[in-house]
Structure formats: structure tokens, C-alpha cells
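Just below is one structure, and these are the notes that go with it.
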Amino acid sequence: MKQFKTTKQVLTFTAILAIVSVTFYVLFFNNIKEKNNTISAIVNDVDIAVQKETKLKSVKNIIKDTADGREKIDTYFIKDDEIINFIGEVEKIGRDIGVEVEIISVSIGDSKLQQDNVSELLNLDLEAEGSWSRVFRFLTLVEKMPFKVNISTINLEAIYEGESKKYSSGIWKGFFSINAIKLR
């Protein structure tokens, strides 16, 4: 009977030890699981921060790499302080090829190309007088200026000698409406 009591005590001790071991195992496992979840969340936060930093560096590099191109694109638009220079350049083209140019009106209107309030249209109405080839060359050179220029109206007529309109003088008179994009 003593042996039965000793076996019973050993069995009880082993059962209690097993229960305590399982309890510690469950607590230890839950603790590790909780720490893994915390570490996983931290790793995700770090990954997100690294991705944001990478994107930020990429954007900074793109901005730096495209600086020259953006500066070149800006030259295609007329700035407020360059309106007089633009008009002077149009008149200079006329003088250089032998066409008399007279600016009739200058106005500024809304640009239909941009809806972000960045640009507006500079409208020039002008008359040019000279031979057909020179007036045509003037028009071509104005259109090829290094700006976004659009010629919206062209009206050309030959000037005749006398009132009979029988003999052409070789002189042409043209009325042009020119639009150029101007930055606000």
C-alpha cells in the first residue's frame, strides 16, 4: 500500500508538473506570439517609411533631372515682363525682312488650353505691308518663334495702282491676329 501511495504521489506530482509546464508553455507561446505581432507591425511601419523615403528620393531625383527641360519649356511661354520684348521681336522680324509692321491692338484673354489658371492668351492684332513673298515670310517666321504662337486670323489683299484695280503694285497688305500663351 505504501508503494501505491508513493506511485499516487509521483503521479500527482507529475500531473501537477505537466499542468504547470503546459501553463508556462501556453503563457510563453502567447508572449512570443504577441512579440511577433509587435515586431511584424514595427517591420511594416519601417517598410512603409522606407518606401516613402524611396519615393521621396525618386521624386527629388526626377525634379533635379528635369530642371533643364522645365526651364526650356518655360521659355516657350511669355512672362508678364516679356510682353514688350515679344512685341518688339515681332516688329524686328518685320524690319529684318523688309515688311512694314504696325501693331493695331494688344489684349490679354483667358487661355482655353489650361484650366488651372496658370496661363492666359496674349492677343496681337497687326498689319503688315510688303511684297507677297516678304509678307508670307514674315508670317512664317512669326509662326516659328520659340513660343506657343497661333495665328487665328489672316486677311491678305493686293494693293492696286490707281482706282481701276487693273494693275497690281506688287504690294500686299495683311491683317493678322496672333495668339501666344502667356504665364499669369
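By order in the C-alpha cells, chains are A, B, ...; within a chain, residues start at 1; ligands start at 1, following the order shown.
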I want to know what sits within 9 Å of Ser107 of chain A, based on only C-alpha atoms, with residues of the same chain fewer than 2 positions away left out; could you give that as a PDB file with N, CA, C and O atoms, in the first residue's frame?
ATOM      1  N   SER A 105      -3.590  96.344 -82.005  1.00  0.00           N
ATOM      2  CA  SER A 105      -4.084  96.207 -80.631  1.00  0.00           C
ATOM      3  C   SER A 105      -3.379  95.052 -79.926  1.00  0.00           C
ATOM      4  O   SER A 105      -2.919  94.102 -80.556  1.00  0.00           O
ATOM      5  N   GLY A 109      -6.451  87.619 -72.836  1.00  0.00           N
ATOM      6  CA  GLY A 109      -7.691  86.877 -72.602  1.00  0.00           C
ATOM      7  C   GLY A 109      -7.393  85.554 -71.935  1.00  0.00           C
ATOM      8  O   GLY A 109      -6.245  85.159 -71.758  1.00  0.00           O
ATOM      9  N   LEU A 121      -4.001  84.100 -72.725  1.00  0.00           N
ATOM     10  CA  LEU A 121      -3.587  84.374 -74.097  1.00  0.00           C
ATOM     11  C   LEU A 121      -3.225  85.834 -74.277  1.00  0.00           C
ATOM     12  O   LEU A 121      -3.955  86.728 -73.830  1.00  0.00           O
ATOM     13  N   LEU A 122      -2.097  86.053 -74.929  1.00  0.00           N
ATOM     14  CA  LEU A 122      -1.715  87.391 -75.364  1.00  0.00           C
ATOM     15  C   LEU A 122      -2.175  87.505 -76.808  1.00  0.00           C
ATOM     16  O   LEU A 122      -1.741  86.737 -77.665  1.00  0.00           O
ATOM     17  N   ASN A 123      -3.093  88.432 -77.086  1.00  0.00           N
ATOM     18  CA  ASN A 123      -3.656  88.599 -78.425  1.00  0.00           C
ATOM     19  C   ASN A 123      -3.056  89.847 -79.068  1.00  0.00           C
ATOM     20  O   ASN A 123      -3.116  90.928 -78.484  1.00  0.00           O
ATOM     21  N   LEU A 124      -2.495  89.673 -80.253  1.00  0.00           N
ATOM     22  CA  LEU A 124      -1.954  90.795 -81.020  1.00  0.00           C
ATOM     23  C   LEU A 124      -2.701  90.885 -82.342  1.00  0.00           C
ATOM     24  O   LEU A 124      -2.822  89.895 -83.055  1.00  0.00           O
ATOM     25  N   ASP A 125      -3.188  92.060 -82.661  1.00  0.00           N
ATOM     26  CA  ASP A 125      -3.737  92.326 -83.989  1.00  0.00           C
ATOM     27  C   ASP A 125      -2.747  93.261 -84.661  1.00  0.00           C
ATOM     28  O   ASP A 125      -2.362  94.284 -84.091  1.00  0.00           O
TER      29      ASP A 125
END
Excluding Trp132 of chain A and residues on its chain fewer than 5 positions from it, collect all residues at most 9 Å away from it, counting only C-alpha atoms, and give them as a tab-separated table (two decimals) with N, CA and C atoms, in the first residue's frame.
chain	number	residue	atom	x	y	z
A	137	ARG	N	6.81	85.37	-95.77
A	137	ARG	CA	7.98	85.01	-94.95
A	137	ARG	C	7.82	85.56	-93.53
A	158	ALA	N	-4.25	92.43	-102.14
A	158	ALA	CA	-3.29	93.10	-103.01
A	158	ALA	C	-3.65	94.57	-103.10
A	170	GLY	N	2.22	95.19	-106.69
A	170	GLY	CA	3.15	94.19	-106.14
A	170	GLY	C	3.22	94.25	-104.62
A	171	ILE	N	2.45	95.12	-104.03
A	171	ILE	CA	2.43	95.27	-102.58
A	171	ILE	C	1.17	94.59	-102.05
A	172	TRP	N	1.38	93.89	-100.95
A	172	TRP	CA	0.27	93.20	-100.29
A	172	TRP	C	0.14	93.76	-98.88
A	173	LYS	N	-1.08	93.86	-98.45
A	173	LYS	CA	-1.37	94.32	-97.10
A	173	LYS	C	-2.09	93.19	-96.39
Handout entry: Secondary structure check, strand (DSSP E or B) residues of segment 39-181 of chain A, as a PyMOL selection string
Key = chain A and resi 78+100-110+119-131+149-161+167-181
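Residue nearest Thr75 of chain A, chosen from A:Asn179, A:Asn150, A:Gln3, A:Met145 and counting only C-alpha atoms: A:Met145.
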Practice task
Skip Glu157 of chain A itself and residues of its chain fewer than 6 positions away, then list as a PyMOL selection string all residues within 12 Å of it, counting only C-alpha atoms.
Solution key: chain A and resi 127-132+135+165+168-176
Any chance you can output those residues with C-alpha atoms as an mmCIF file, in the first residue's frame?
data_model
loop_
_atom_site.group_PDB
_atom_site.id
_atom_site.type_symbol
_atom_site.label_atom_id
_atom_site.label_comp_id
_atom_site.auth_asym_id
_atom_site.auth_seq_id
_atom_site.Cartn_x
_atom_site.Cartn_y
_atom_site.Cartn_z
ATOM 1 C CA GLU A 127 -0.990 94.867 -90.122
ATOM 2 C CA ALA A 128 1.931 94.023 -92.350
ATOM 3 C CA GLU A 129 2.672 95.543 -95.727
ATOM 4 C CA GLY A 130 5.216 94.429 -98.307
ATOM 5 C CA SER A 131 5.709 92.133 -101.274
ATOM 6 C CA TRP A 132 3.851 88.813 -101.285
ATOM 7 C CA VAL A 135 4.655 89.163 -96.076
ATOM 8 C CA LYS A 165 -7.657 97.898 -109.920
ATOM 9 C CA SER A 168 -1.115 95.422 -109.232
ATOM 10 C CA SER A 169 1.524 97.417 -107.416
ATOM 11 C CA GLY A 170 3.150 94.189 -106.142
ATOM 12 C CA ILE A 171 2.433 95.269 -102.584
ATOM 13 C CA TRP A 172 0.274 93.202 -100.288
ATOM 14 C CA LYS A 173 -1.366 94.321 -97.103
ATOM 15 C CA GLY A 174 -2.198 91.751 -94.466
ATOM 16 C CA PHE A 175 -4.179 91.815 -91.243
ATOM 17 C CA PHE A 176 -3.210 89.126 -88.720
#
Practice task
Please indicate the distance in Å from atom CA of Leu139 of chain A to atom CA of Asn155 of chain A, rounded to one decimal place.
Solution key: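 We find that atom CA of Leu139 of chain A and atom CA of Asn155 of chain A lie 11.6 Å from each other.
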Exercise for the section: May I have all residues of chain A that DSSP, computed from the backbone, assigns to alpha helix (DSSP H), given as number ranges by chain? Expected result: A: 2-65, 67-74, 83-97, 132-143
Practice task
Find the residues around Ala180 of chain A up to 12 Å (only C-alpha atoms counted), leave out those fewer than 6 positions away in its own chain, and share them as number ranges by chain.
Solution key: A: 76-79, 82-83, 86-87, 90, 106-113, 119-125, 142-152
Selection export as a JSON list (two decimals), in the first residue's frame, atoms kept: C-alpha atoms:
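The resulting selection18.json:
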[["chain", "number", "residue", "atom", "x", "y", "z"],
["A", 76, "TYR", "CA", 8.01, 78.79, -74.76],
["A", 77, "PHE", "CA", 5.67, 80.92, -72.67],
["A", 78, "ILE", "CA", 5.67, 84.69, -72.42],
["A", 79, "LYS", "CA", 6.07, 86.11, -68.94],
["A", 82, "GLU", "CA", 8.42, 89.93, -71.54],
["A", 83, "ILE", "CA", 5.29, 91.18, -73.35],
["A", 86, "PHE", "CA", 7.69, 89.79, -77.60],
["A", 87, "ILE", "CA", 6.02, 92.68, -79.45],
["A", 90, "VAL", "CA", 7.56, 90.62, -83.90],
["A", 106, "VAL", "CA", -2.78, 94.14, -77.74],
["A", 107, "SER", "CA", -5.07, 92.34, -75.32],
["A", 108, "ILE", "CA", -5.00, 89.54, -72.80],
["A", 109, "GLY", "CA", -7.69, 86.88, -72.60],
["A", 110, "ASP", "CA", -8.28, 83.54, -70.89],
["A", 111, "SER", "CA", -6.45, 80.54, -72.28],
["A", 112, "LYS", "CA", -8.70, 77.68, -73.30],
["A", 113, "LEU", "CA", -5.72, 75.33, -73.20],
["A", 119, "SER", "CA", -1.79, 80.79, -68.37],
["A", 120, "GLU", "CA", -3.69, 83.28, -70.45],
["A", 121, "LEU", "CA", -3.59, 84.37, -74.10],
["A", 122, "LEU", "CA", -1.71, 87.39, -75.36],
["A", 123, "ASN", "CA", -3.66, 88.60, -78.42],
["A", 124, "LEU", "CA", -1.95, 90.79, -81.02],
["A", 125, "ASP", "CA", -3.74, 92.33, -83.99],
["A", 142, "VAL", "CA", 6.27, 84.76, -86.59],
["A", 143, "GLU", "CA", 4.67, 81.34, -86.51],
["A", 144, "LYS", "CA", 8.08, 79.72, -85.91],
["A", 145, "MET", "CA", 9.00, 81.96, -83.00],
["A", 146, "PRO", "CA", 10.15, 79.98, -79.96],
["A", 147, "PHE", "CA", 6.80, 80.47, -78.25],
["A", 148, "LYS", "CA", 3.44, 78.74, -78.48],
["A", 149, "VAL", "CA", 2.11, 81.05, -81.23],
["A", 150, "ASN", "CA", -1.18, 80.56, -83.03],
["A", 151, "ILE", "CA", -2.25, 82.70, -85.98],
["A", 152, "SER", "CA", -6.01, 82.85, -85.67]]
Problem - Between atom CA of Lys35 of chain A and atom CA of Lys52 of chain A, distance in Å (one decimal) - result: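 So the two atoms, atom CA of Lys35 of chain A and atom CA of Lys52 of chain A, lie 25.5 Å apart.
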Exercise for the section: With a distance cut-off of 8 Å and only C-alpha atoms, select the neighbouring residues of Gly98 of chain A, excluding the residue or stretch itself and same-chain residues fewer than 3 positions from it, and output the selection as a list in words. Expected result: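 Once the adjacent positions are removed, what remains is Gly94, Arg95, Gly130 and Arg134 of chain A.
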